[in-house]
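Below is one structure, written out as structure tokens; comments come after it.
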Number of protein chains: 4
Amino acid sequence: MLRIAVLGCGRIGRMHAANVAAHPRAKLVSVYDTHRPFAEDVAARNGITAADSADVIFAAADIDAVLVATATDTHADYIERAVAAGKPVLCEKPIDLSLARVNVCAEKIKGASVAVQLGFNRRFDPGHRAAHDAARAGEIGDLHQVIITSRDPGMPSRAYYEAAGGLFRDMTIHDFDLARFMLGEEPEEVFAIGGRMIDPGMMRELDDFDTAMVILRTASGKQCHINNSRTAIYGHDQRVELLGTTGMVISGNRKAHQLRRYSATVTETAAPYLNFFIERYREAYDAEISSFVDCVEKGSAPEVSFEDGRKALVLAEAAMKSVAEGRSVNVGEIG
Amino acid sequence: MLRIAVLGCGRIGRMHAANVAAHPRAKLVSVYDTHRPFAEDVAARNGITAADSADVIFAAADIDAVLVATATDTHADYIERAVAAGKPVLCEKPIDLSLARVNVCAEKIKGASVAVQLGFNRRFDPGHRAAHDAARAGEIGDLHQVIITSRDPGMPSRAYYEAAGGLFRDMTIHDFDLARFMLGEEPEEVFAIGGRMIDPGMMRELDDFDTAMVILRTASGKQCHINNSRTAIYGHDQRVELLGTTGMVISGNRKAHQLRRYSATVTETAAPYLNFFIERYREAYDAEISSFVDCVEKGSAPEVSFEDGRKALVLAEAAMKSVAEGRSVNVGEIG
Amino acid sequence: MLRIAVLGCGRIGRMHAANVAAHPRAKLVSVYDTHRPFAEDVAARNGITAADSADVIFAAADIDAVLVATATDTHADYIERAVAAGKPVLCEKPIDLSLARVNVCAEKIKGASVAVQLGFNRRFDPGHRAAHDAARAGEIGDLHQVIITSRDPGMPSRAYYEAAGGLFRDMTIHDFDLARFMLGEEPEEVFAIGGRMIDPGMMRELDDFDTAMVILRTASGKQCHINNSRTAIYGHDQRVELLGTTGMVISGNRKAHQLRRYSATVTETAAPYLNFFIERYREAYDAEISSFVDCVEKGSAPEVSFEDGRKALVLAEAAMKSVAEGRSVNVGEIG
Amino acid sequence: MLRIAVLGCGRIGRMHAANVAAHPRAKLVSVYDTHRPFAEDVAARNGITAADSADVIFAAADIDAVLVATATDTHADYIERAVAAGKPVLCEKPIDLSLARVNVCAEKIKGASVAVQLGFNRRFDPGHRAAHDAARAGEIGDLHQVIITSRDPGMPSRAYYEAAGGLFRDMTIHDFDLARFMLGEEPEEVFAIGGRMIDPGMMRELDDFDTAMVILRTASGKQCHINNSRTAIYGHDQRVELLGTTGMVISGNRKAHQLRRYSATVTETAAPYLNFFIERYREAYDAEISSFVDCVEKGSAPEVSFEDGRKALVLAEAAMKSVAEGRSVNVGEIG
């Protein structure tokens, strides 16, 4: 049993804490949040006590690993402290909104002997993983095109937007990582457009976008399209399509159950898609923790590395530059 | 080009006439109906003239074959006359409502040198045929169960009911034929229940049923279920499922197009099913005529024989006896 | 937190123990099995100790309720003892293979003040439940037909067969309960056929069946078809279809993920169906425990009662009589 | 009955001739091809005689309209001659590979009193049309994103490539038209990448592409993605997805029948997609002719105009410029 402490007890931290507690090979042993009542609430639900500080957690001999789900601007610090404390760390994305800060962190943890795993949970979705594995196993021949549809079910709050670092670093970053995972090689060129269609006023004020399309191209010519929207009224829409020379695979959405309805006007009507990431990616979050436990126990490299986190951020910055300049941006111009 | 005359210009006769006219290997050369304006209307649409009598058609040297789509109680007569005239005949189902009359007809046409094909169109539906072929090709191993769902989209008129001979001889007869086609061996036992659920008053007056369930068993033990309803509000529901030891196949329904709709409350909503047999089985009717042309041209046996028509009627009578007596009826008790 | 002891630590008992342990409103506090190592294994996995006897459990003041997953021939005894001890009980199906024994048990527990819930888990499957709720809410108008497809993925062992009481009391009993749940009224007539198609030799030796079809009819005329097979090579096939005057609903199967595959010969190929009841009905088992906790906490009637267990058994006996006599059996002839 | 002559009797001309001949409101009265045996073959199949020259057709008083399916470089000439002869014309896409030539043609036919309809058949596909109509009817609220997947089942011949004018003017031009049709407003910016993945050698020699991705943006901000491949091994893949504020619709592919297969390793396996445009768009080609007959009979504007043909070509040229310059191209830079 890997004894894990969770830092950050907001929405996603609470979810991680519950997943760790329920995991057959992990044990939730401590939680911390700068807002103490959050930590105490999570601790109470799990029959443990909240830590007084992050320091206590990093110093504890009976804590094997940490899961970081705090505010984005603390991620790099906590990664550095975890590495310094010799504790493996599973950290939520993104590493930081500043690529410079990420590069400093990379330098500091270079050669670390403990695992640093980034929280790109979508790689662990059973359908997405099966798509990836089919491609790697040669089932679709040579991969030519990847199409990623990634739409949130509803607009986040203004407060969320203000801290999120913009659509590309907050939302598309997941898709950039998924694109790299599926393509199996590095994107070299990025073209992107951003739209202000859902809440143009707020988007203009925040200099942000609520709708986007991206095209990526790798050195060998593989093509990838990503489309994003902050509001898909029919649920959390998360699809991945891989076209190869001998086949195609599509990983689709999940529904709460398999009922189909038929009436005078419609047929085969299914239930709504699972509404947001906690439901949609429930199995993926479980598998992510399993993967983290595996790499710690076996001393193997994490399936999603710090460098994966850095490269996704480079693609986000390239996309932002492309939007600003209306041209294809070479990844080499960024990172 | 096979020169075909169509006898009977009601709803289904008109459809057959149009199909013959459009068929690349057949030519519509004459039509006849006891109600002359019907025949004239069909003739005019096809640039031919209506025949004054059926006699004229049977006597004509430049008519190669006849398609009989007249009232049920004339089918046996026309089959006998066609055979006597040496003209291959494609006759709509059922041969007759009376098994005795069918047996007399069978005796009369015994040893006929011209093809007598029965109009069990469903055998020619591309999906149903693919199911049959998969089973015959061994794709699902040994066949164990057949499930036939057969529901009409709406109640016919009282006049139709009065002439139709009851649910089992009018509607289920198609499914009895399909069951035999799919099972690949003869049903030996029949159990059936009939319900009066849609229009109990009219059904009682006519001593008929609007809803039914049937179970068939062959000598080797294969099982078949049929369910019927006169009203499936979502369209003409025609499904066939074959369960074998190494696989299953399901032939499903057809829609006008492949649009799927998604909203706040539903996902993957499809268009209504094609509404009735003329649309649902359009391709099947075409293939039926092709098959008829083939057997005439090649002198081969028709894919659906007179005996197939007789055996389906025997099953219908067995079902009626089962309903009356509340027990499993052996087919040998009937005919 | 409802403190629950699990009696019986075989395959299904282990599953229940794990589900109770993981349930947010239940706590696994004790386990017992006549084969002590089974109980100790389950206890160890859950950090508790195995009970020395069932007596200890029934006597314990700090055990609120029991879940019975022992051999079938002990169910009625344990139900009686739980009621005598004032402990609510969730008991696996069937109550007993002997209707006489069930009736004795019914007499003994008459007027019990504690909940006795039967383990018909399928009522809690999200899709099946949504189908039921749609029908009850009037979404499909008047219900006319119910079609239940229920096929196991593979043959059980001979030892299992010898103790199971035959196909109708072991396997179809689930479908009889589901039929009653969906129909919303009592079946009055039962017709059934049993087949020996998968392992004819063993089936003959055991006087049992591996394949079956059933037709039920209620007093108001509603019709229900059930088909069973012990081996569906494509997975655990569990479908329910409800046809009404204004609509139809179909509850379908579950897959491990939503990948679709396309190649030169196939399109839209999905993953295999979840292979057996533990995976297929995982959510249902969770909901079943939630329902049990609810009825204990609120003092309300269980959603699935002892009488539901008795009535399903009556239908199984009627089916067996129908098979033996080749006729429709009135339920009144049995119970 | 509209009396139509077909110019051009290659693959697509033969198909059009057959469709006109079978159309209930049109009559095939003449055919012409520079390669006379092609015209004679089509004439023979339809019981007419081939015309000696196009002149004869344009001069004939008993020919009401012409359908042009000749080589691309003759389209503009034939349109001009049809207009001069006062004969409505349905012309295959593209008008010409040279935008300058198209503009000259536009000038010449300005103010023509006869209908000039362009052969963008995909607008008439029942599923695509239903998607368009749903969007126009407000069913999905404000349209934000359009995703067009358009992949041919196999590489054309080198000879075809040499005459086709490149991927964007030959293949994507259909999608540019469909994008305009679906968006309901003009794209203003075009970004495109072209790939040489299927036959890099031939593509380099011909300075052409076999794989492409495009992003379009309209003045109001609507976004559209197109992906193209010359080889989708699973069939002719033609999908359109429209995302709006209150819903989404997806128009999918067509299969020959509705059989689904289940085995030990797969479930729900469907038949291959219809393999190429003649099968995939059969209904669309029929509806296209109906639309042409309608506009001629009613004197209304054609549903797909000459200007639609010109604008699709402008988008193709913008895409080519974008590929060459690696930047977003404003449509105003082209036309």
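Following the order of the structure tokens, first chain is A, next is B, and so on, with residues numbered from 1 inside each chain and ligands from 1 in the order they appear.
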
Residues of chain B within 9 Å of chain D, only C-alpha atoms counted, as a VMD selection string: chain B and resid 22 125 to 128 130 to 131 140 246 to 254 256 to 264 267 to 268

Those same residues - N, CA and C atoms - I'd like them written as a PDB file, in the first residue's frame.
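Result saved to again.pdb:
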```pdb
ATOM      1  N   ALA B  22     -38.982  -0.324 -63.959  1.00  0.00           N
ATOM      2  CA  ALA B  22     -37.658   0.272 -63.735  1.00  0.00           C
ATOM      3  C   ALA B  22     -36.545  -0.766 -63.736  1.00  0.00           C
ATOM      4  N   ASP B 125     -34.448  -8.998 -48.416  1.00  0.00           N
ATOM      5  CA  ASP B 125     -33.920  -7.799 -47.756  1.00  0.00           C
ATOM      6  C   ASP B 125     -32.406  -7.980 -47.569  1.00  0.00           C
ATOM      7  N   PRO B 126     -31.607  -6.972 -47.960  1.00  0.00           N
ATOM      8  CA  PRO B 126     -30.147  -7.156 -47.889  1.00  0.00           C
ATOM      9  C   PRO B 126     -29.642  -7.528 -46.495  1.00  0.00           C
ATOM     10  N   GLY B 127     -30.208  -6.939 -45.461  1.00  0.00           N
ATOM     11  CA  GLY B 127     -29.759  -7.257 -44.105  1.00  0.00           C
ATOM     12  C   GLY B 127     -30.182  -8.656 -43.685  1.00  0.00           C
ATOM     13  N   HIS B 128     -31.436  -8.995 -43.925  1.00  0.00           N
ATOM     14  CA  HIS B 128     -31.930 -10.335 -43.582  1.00  0.00           C
ATOM     15  C   HIS B 128     -31.151 -11.396 -44.368  1.00  0.00           C
ATOM     16  N   ALA B 130     -28.135 -11.112 -45.552  1.00  0.00           N
ATOM     17  CA  ALA B 130     -26.766 -11.199 -45.011  1.00  0.00           C
ATOM     18  C   ALA B 130     -26.751 -12.016 -43.722  1.00  0.00           C
ATOM     19  N   ALA B 131     -27.813 -11.903 -42.924  1.00  0.00           N
ATOM     20  CA  ALA B 131     -27.910 -12.710 -41.697  1.00  0.00           C
ATOM     21  C   ALA B 131     -27.991 -14.191 -42.064  1.00  0.00           C
ATOM     22  N   ILE B 140     -21.622 -18.198 -37.519  1.00  0.00           N
ATOM     23  CA  ILE B 140     -22.060 -18.175 -36.116  1.00  0.00           C
ATOM     24  C   ILE B 140     -22.109 -19.592 -35.523  1.00  0.00           C
ATOM     25  N   THR B 246     -20.913 -19.785 -32.096  1.00  0.00           N
ATOM     26  CA  THR B 246     -19.699 -18.969 -32.200  1.00  0.00           C
ATOM     27  C   THR B 246     -19.976 -17.514 -32.555  1.00  0.00           C
ATOM     28  N   GLY B 247     -21.231 -17.125 -32.553  1.00  0.00           N
ATOM     29  CA  GLY B 247     -21.518 -15.733 -32.846  1.00  0.00           C
ATOM     30  C   GLY B 247     -22.996 -15.449 -32.911  1.00  0.00           C
ATOM     31  N   MET B 248     -23.314 -14.193 -33.071  1.00  0.00           N
ATOM     32  CA  MET B 248     -24.698 -13.747 -33.218  1.00  0.00           C
ATOM     33  C   MET B 248     -24.720 -12.702 -34.321  1.00  0.00           C
ATOM     34  N   VAL B 249     -25.820 -12.646 -35.055  1.00  0.00           N
ATOM     35  CA  VAL B 249     -26.023 -11.544 -36.004  1.00  0.00           C
ATOM     36  C   VAL B 249     -27.421 -10.981 -35.788  1.00  0.00           C
ATOM     37  N   ILE B 250     -27.547  -9.668 -36.010  1.00  0.00           N
ATOM     38  CA  ILE B 250     -28.848  -9.003 -35.914  1.00  0.00           C
ATOM     39  C   ILE B 250     -29.036  -8.147 -37.155  1.00  0.00           C
ATOM     40  N   SER B 251     -30.128  -8.383 -37.867  1.00  0.00           N
ATOM     41  CA  SER B 251     -30.474  -7.528 -39.000  1.00  0.00           C
ATOM     42  C   SER B 251     -31.481  -6.493 -38.509  1.00  0.00           C
ATOM     43  N   GLY B 252     -31.119  -5.226 -38.652  1.00  0.00           N
ATOM     44  CA  GLY B 252     -31.924  -4.163 -38.055  1.00  0.00           C
ATOM     45  C   GLY B 252     -32.757  -3.370 -39.042  1.00  0.00           C
ATOM     46  N   ASN B 253     -33.255  -2.256 -38.561  1.00  0.00           N
ATOM     47  CA  ASN B 253     -34.171  -1.433 -39.348  1.00  0.00           C
ATOM     48  C   ASN B 253     -33.460  -0.396 -40.193  1.00  0.00           C
ATOM     49  N   ARG B 254     -34.184   0.161 -41.138  1.00  0.00           N
ATOM     50  CA  ARG B 254     -33.624   1.161 -42.041  1.00  0.00           C
ATOM     51  C   ARG B 254     -34.248   2.520 -41.771  1.00  0.00           C
ATOM     52  N   ALA B 256     -34.349   6.799 -43.119  1.00  0.00           N
ATOM     53  CA  ALA B 256     -34.254   7.593 -44.350  1.00  0.00           C
ATOM     54  C   ALA B 256     -32.873   8.199 -44.527  1.00  0.00           C
ATOM     55  N   HIS B 257     -32.217   8.519 -43.431  1.00  0.00           N
ATOM     56  CA  HIS B 257     -30.857   9.068 -43.533  1.00  0.00           C
ATOM     57  C   HIS B 257     -30.138   8.839 -42.212  1.00  0.00           C
ATOM     58  N   GLN B 258     -28.879   9.241 -42.197  1.00  0.00           N
ATOM     59  CA  GLN B 258     -28.012   8.889 -41.072  1.00  0.00           C
ATOM     60  C   GLN B 258     -27.708  10.081 -40.173  1.00  0.00           C
ATOM     61  N   LEU B 259     -28.685  10.973 -39.984  1.00  0.00           N
ATOM     62  CA  LEU B 259     -28.446  12.097 -39.077  1.00  0.00           C
ATOM     63  C   LEU B 259     -28.641  11.653 -37.630  1.00  0.00           C
ATOM     64  N   ARG B 260     -27.758  12.134 -36.764  1.00  0.00           N
ATOM     65  CA  ARG B 260     -27.891  11.933 -35.317  1.00  0.00           C
ATOM     66  C   ARG B 260     -27.984  13.297 -34.653  1.00  0.00           C
ATOM     67  N   ARG B 261     -28.851  13.407 -33.679  1.00  0.00           N
ATOM     68  CA  ARG B 261     -29.085  14.686 -32.999  1.00  0.00           C
ATOM     69  C   ARG B 261     -28.707  14.603 -31.519  1.00  0.00           C
ATOM     70  N   TYR B 262     -28.193  15.706 -30.990  1.00  0.00           N
ATOM     71  CA  TYR B 262     -27.716  15.792 -29.609  1.00  0.00           C
ATOM     72  C   TYR B 262     -28.238  17.094 -29.009  1.00  0.00           C
ATOM     73  N   SER B 263     -28.749  16.998 -27.794  1.00  0.00           N
ATOM     74  CA  SER B 263     -29.236  18.219 -27.152  1.00  0.00           C
ATOM     75  C   SER B 263     -29.019  18.113 -25.650  1.00  0.00           C
ATOM     76  N   ALA B 264     -29.621  19.015 -24.910  1.00  0.00           N
ATOM     77  CA  ALA B 264     -29.435  19.008 -23.456  1.00  0.00           C
ATOM     78  C   ALA B 264     -30.006  17.754 -22.822  1.00  0.00           C
ATOM     79  N   THR B 267     -28.991  12.179 -26.677  1.00  0.00           N
ATOM     80  CA  THR B 267     -27.841  12.052 -27.578  1.00  0.00           C
ATOM     81  C   THR B 267     -28.124  10.970 -28.615  1.00  0.00           C
ATOM     82  N   GLU B 268     -27.456  11.078 -29.742  1.00  0.00           N
ATOM     83  CA  GLU B 268     -27.460  10.032 -30.768  1.00  0.00           C
ATOM     84  C   GLU B 268     -28.846   9.716 -31.329  1.00  0.00           C
TER      85      GLU B 268
END
```

Neighbour list for Glu333 (chain A) as a ChimeraX atom specification, cut-off 9 Å, only C-alpha atoms, skip fewer than 3 positions in-chain: /A:318,329-330

Strand (DSSP E) positions in region 152-242 of chain D, given as a count of residues only: 30

Helix (DSSP H, G or I) call set, DSSP backbone run, region 65-241 of chain A, as a ChimeraX atom specification: /A:72-84,99-109,121-124,126-136,158-164,167-170,172-183,200-205

One-decimal distance in Å that lies between CA of Phe176 (chain C) and CA of Phe209 (chain C):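 Separation between CA of Phe209 (chain C) and CA of Phe176 (chain C): 16.5 Å.
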
Interatomic distance, CA of Val190 (chain B) to CA of Gly221 (chain B) (Å, one decimal):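 For CA of Val190 (chain B) relative to CA of Gly221 (chain B), the distance reads 12.4 Å.
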
CA of Arg3 (chain A) to CA of Phe38 (chain A), straight-line distance in Å: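 Calculated distance between CA of Phe38 (chain A) and CA of Arg3 (chain A) is 20.4 Å.
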
Contact residues around Ala312 (chain B) with only C-alpha atoms at 8 Å, ignoring same-chain residues under 2 positions, as a list in words: Ile173, His174, Phe176, Asp177, Asp308, Gly309, Arg310, Val314, Leu315 and Ala316 of chain B

Would you save the residues of that selection, restricted to N, CA and C atoms, as a PDB file, in the first residue's frame?
```pdb
ATOM      1  N   ILE B 173     -47.533 -14.802 -41.343  1.00  0.00           N
ATOM      2  CA  ILE B 173     -47.125 -15.733 -42.396  1.00  0.00           C
ATOM      3  C   ILE B 173     -45.765 -15.348 -42.979  1.00  0.00           C
ATOM      4  N   HIS B 174     -45.523 -14.037 -43.075  1.00  0.00           N
ATOM      5  CA  HIS B 174     -44.197 -13.569 -43.508  1.00  0.00           C
ATOM      6  C   HIS B 174     -43.122 -14.055 -42.543  1.00  0.00           C
ATOM      7  N   PHE B 176     -43.336 -16.614 -40.441  1.00  0.00           N
ATOM      8  CA  PHE B 176     -43.188 -18.069 -40.505  1.00  0.00           C
ATOM      9  C   PHE B 176     -42.249 -18.438 -41.656  1.00  0.00           C
ATOM     10  N   ASP B 177     -42.411 -17.754 -42.783  1.00  0.00           N
ATOM     11  CA  ASP B 177     -41.511 -18.053 -43.898  1.00  0.00           C
ATOM     12  C   ASP B 177     -40.078 -17.669 -43.560  1.00  0.00           C
ATOM     13  N   ASP B 308     -42.967 -23.516 -50.303  1.00  0.00           N
ATOM     14  CA  ASP B 308     -42.659 -22.573 -49.211  1.00  0.00           C
ATOM     15  C   ASP B 308     -43.927 -21.829 -48.801  1.00  0.00           C
ATOM     16  N   GLY B 309     -44.720 -21.449 -49.793  1.00  0.00           N
ATOM     17  CA  GLY B 309     -45.984 -20.765 -49.502  1.00  0.00           C
ATOM     18  C   GLY B 309     -46.931 -21.671 -48.728  1.00  0.00           C
ATOM     19  N   ARG B 310     -46.980 -22.938 -49.109  1.00  0.00           N
ATOM     20  CA  ARG B 310     -47.860 -23.896 -48.434  1.00  0.00           C
ATOM     21  C   ARG B 310     -47.408 -24.135 -46.996  1.00  0.00           C
ATOM     22  N   VAL B 314     -49.310 -23.689 -43.360  1.00  0.00           N
ATOM     23  CA  VAL B 314     -49.465 -24.769 -42.366  1.00  0.00           C
ATOM     24  C   VAL B 314     -49.070 -24.257 -40.976  1.00  0.00           C
ATOM     25  N   LEU B 315     -47.967 -23.507 -40.914  1.00  0.00           N
ATOM     26  CA  LEU B 315     -47.537 -22.959 -39.617  1.00  0.00           C
ATOM     27  C   LEU B 315     -48.574 -21.975 -39.068  1.00  0.00           C
ATOM     28  N   ALA B 316     -49.167 -21.189 -39.962  1.00  0.00           N
ATOM     29  CA  ALA B 316     -50.199 -20.244 -39.524  1.00  0.00           C
ATOM     30  C   ALA B 316     -51.393 -21.000 -38.947  1.00  0.00           C
TER      31      ALA B 316
END
```

What's the 10 Å shell around Met171 (chain A), counting only C-alpha atoms, without same-chain residues fewer than 2 positions away, as a PDB file with N, CA, C and O atoms, in the first residue's frame?
```pdb
ATOM      1  N   LYS A  93      -2.028  19.077 -13.921  1.00  0.00           N
ATOM      2  CA  LYS A  93      -1.588  19.959 -14.998  1.00  0.00           C
ATOM      3  C   LYS A  93      -2.173  21.351 -14.772  1.00  0.00           C
ATOM      4  O   LYS A  93      -3.185  21.434 -14.099  1.00  0.00           O
ATOM      5  N   PRO A  94      -1.605  22.437 -15.322  1.00  0.00           N
ATOM      6  CA  PRO A  94      -0.285  22.484 -15.943  1.00  0.00           C
ATOM      7  C   PRO A  94       0.796  22.653 -14.881  1.00  0.00           C
ATOM      8  O   PRO A  94       0.480  22.986 -13.747  1.00  0.00           O
ATOM      9  N   SER A 150     -12.880  18.105 -28.242  1.00  0.00           N
ATOM     10  CA  SER A 150     -12.784  18.281 -26.794  1.00  0.00           C
ATOM     11  C   SER A 150     -13.607  19.491 -26.387  1.00  0.00           C
ATOM     12  O   SER A 150     -13.201  20.633 -26.606  1.00  0.00           O
ATOM     13  N   ARG A 151     -14.769  19.213 -25.844  1.00  0.00           N
ATOM     14  CA  ARG A 151     -15.694  20.303 -25.520  1.00  0.00           C
ATOM     15  C   ARG A 151     -16.215  20.125 -24.103  1.00  0.00           C
ATOM     16  O   ARG A 151     -16.677  19.052 -23.752  1.00  0.00           O
ATOM     17  N   ASP A 152     -16.120  21.190 -23.328  1.00  0.00           N
ATOM     18  CA  ASP A 152     -16.643  21.165 -21.968  1.00  0.00           C
ATOM     19  C   ASP A 152     -18.156  21.378 -22.002  1.00  0.00           C
ATOM     20  O   ASP A 152     -18.677  22.010 -22.916  1.00  0.00           O
ATOM     21  N   ALA A 164      -6.832  30.843 -14.907  1.00  0.00           N
ATOM     22  CA  ALA A 164      -6.577  29.631 -15.697  1.00  0.00           C
ATOM     23  C   ALA A 164      -5.477  29.788 -16.743  1.00  0.00           C
ATOM     24  O   ALA A 164      -4.947  28.795 -17.247  1.00  0.00           O
ATOM     25  N   GLY A 165      -5.146  31.021 -17.087  1.00  0.00           N
ATOM     26  CA  GLY A 165      -4.059  31.206 -18.050  1.00  0.00           C
ATOM     27  C   GLY A 165      -4.496  31.140 -19.499  1.00  0.00           C
ATOM     28  O   GLY A 165      -3.659  31.044 -20.401  1.00  0.00           O
ATOM     29  N   GLY A 166      -5.782  31.193 -19.725  1.00  0.00           N
ATOM     30  CA  GLY A 166      -6.265  31.202 -21.110  1.00  0.00           C
ATOM     31  C   GLY A 166      -6.589  29.814 -21.614  1.00  0.00           C
ATOM     32  O   GLY A 166      -6.054  28.810 -21.137  1.00  0.00           O
ATOM     33  N   LEU A 167      -7.478  29.788 -22.618  1.00  0.00           N
ATOM     34  CA  LEU A 167      -8.001  28.523 -23.147  1.00  0.00           C
ATOM     35  C   LEU A 167      -6.902  27.509 -23.494  1.00  0.00           C
ATOM     36  O   LEU A 167      -6.992  26.337 -23.153  1.00  0.00           O
ATOM     37  N   PHE A 168      -5.854  27.984 -24.155  1.00  0.00           N
ATOM     38  CA  PHE A 168      -4.861  27.031 -24.671  1.00  0.00           C
ATOM     39  C   PHE A 168      -4.040  26.383 -23.554  1.00  0.00           C
ATOM     40  O   PHE A 168      -3.687  25.218 -23.635  1.00  0.00           O
ATOM     41  N   ARG A 169      -3.734  27.153 -22.504  1.00  0.00           N
ATOM     42  CA  ARG A 169      -2.937  26.592 -21.411  1.00  0.00           C
ATOM     43  C   ARG A 169      -3.782  25.857 -20.374  1.00  0.00           C
ATOM     44  O   ARG A 169      -3.279  25.088 -19.565  1.00  0.00           O
ATOM     45  N   ILE A 173      -4.509  22.309 -23.404  1.00  0.00           N
ATOM     46  CA  ILE A 173      -3.271  21.637 -22.983  1.00  0.00           C
ATOM     47  C   ILE A 173      -3.483  20.129 -22.844  1.00  0.00           C
ATOM     48  O   ILE A 173      -2.598  19.341 -23.179  1.00  0.00           O
ATOM     49  N   HIS A 174      -4.666  19.731 -22.373  1.00  0.00           N
ATOM     50  CA  HIS A 174      -5.000  18.306 -22.318  1.00  0.00           C
ATOM     51  C   HIS A 174      -4.950  17.680 -23.720  1.00  0.00           C
ATOM     52  O   HIS A 174      -4.503  16.560 -23.900  1.00  0.00           O
ATOM     53  N   ASP A 175      -5.467  18.423 -24.681  1.00  0.00           N
ATOM     54  CA  ASP A 175      -5.543  17.900 -26.051  1.00  0.00           C
ATOM     55  C   ASP A 175      -4.172  17.892 -26.708  1.00  0.00           C
ATOM     56  O   ASP A 175      -3.863  17.012 -27.511  1.00  0.00           O
ATOM     57  N   PHE A 176      -3.343  18.879 -26.357  1.00  0.00           N
ATOM     58  CA  PHE A 176      -1.972  18.866 -26.872  1.00  0.00           C
ATOM     59  C   PHE A 176      -1.249  17.615 -26.366  1.00  0.00           C
ATOM     60  O   PHE A 176      -0.531  16.953 -27.110  1.00  0.00           O
ATOM     61  N   ASP A 210     -13.206  31.278 -26.015  1.00  0.00           N
ATOM     62  CA  ASP A 210     -14.081  30.218 -25.508  1.00  0.00           C
ATOM     63  C   ASP A 210     -14.268  29.100 -26.540  1.00  0.00           C
ATOM     64  O   ASP A 210     -14.926  28.095 -26.261  1.00  0.00           O
ATOM     65  N   ASN A 228     -12.135  22.823 -29.869  1.00  0.00           N
ATOM     66  CA  ASN A 228     -12.542  23.072 -28.481  1.00  0.00           C
ATOM     67  C   ASN A 228     -13.747  24.000 -28.419  1.00  0.00           C
ATOM     68  O   ASN A 228     -13.851  24.934 -29.199  1.00  0.00           O
ATOM     69  N   SER A 229     -14.602  23.719 -27.460  1.00  0.00           N
ATOM     70  CA  SER A 229     -15.654  24.671 -27.108  1.00  0.00           C
ATOM     71  C   SER A 229     -15.854  24.575 -25.610  1.00  0.00           C
ATOM     72  O   SER A 229     -15.730  23.491 -25.031  1.00  0.00           O
ATOM     73  N   ARG A 230     -16.148  25.711 -24.983  1.00  0.00           N
ATOM     74  CA  ARG A 230     -16.396  25.690 -23.546  1.00  0.00           C
ATOM     75  C   ARG A 230     -17.809  25.200 -23.228  1.00  0.00           C
ATOM     76  O   ARG A 230     -18.112  24.919 -22.073  1.00  0.00           O
ATOM     77  N   ALA A 316       0.991  24.930 -26.282  1.00  0.00           N
ATOM     78  CA  ALA A 316      -0.002  25.956 -25.939  1.00  0.00           C
ATOM     79  C   ALA A 316       0.536  27.338 -26.270  1.00  0.00           C
ATOM     80  O   ALA A 316      -0.178  28.189 -26.820  1.00  0.00           O
TER      81      ALA A 316
END
```
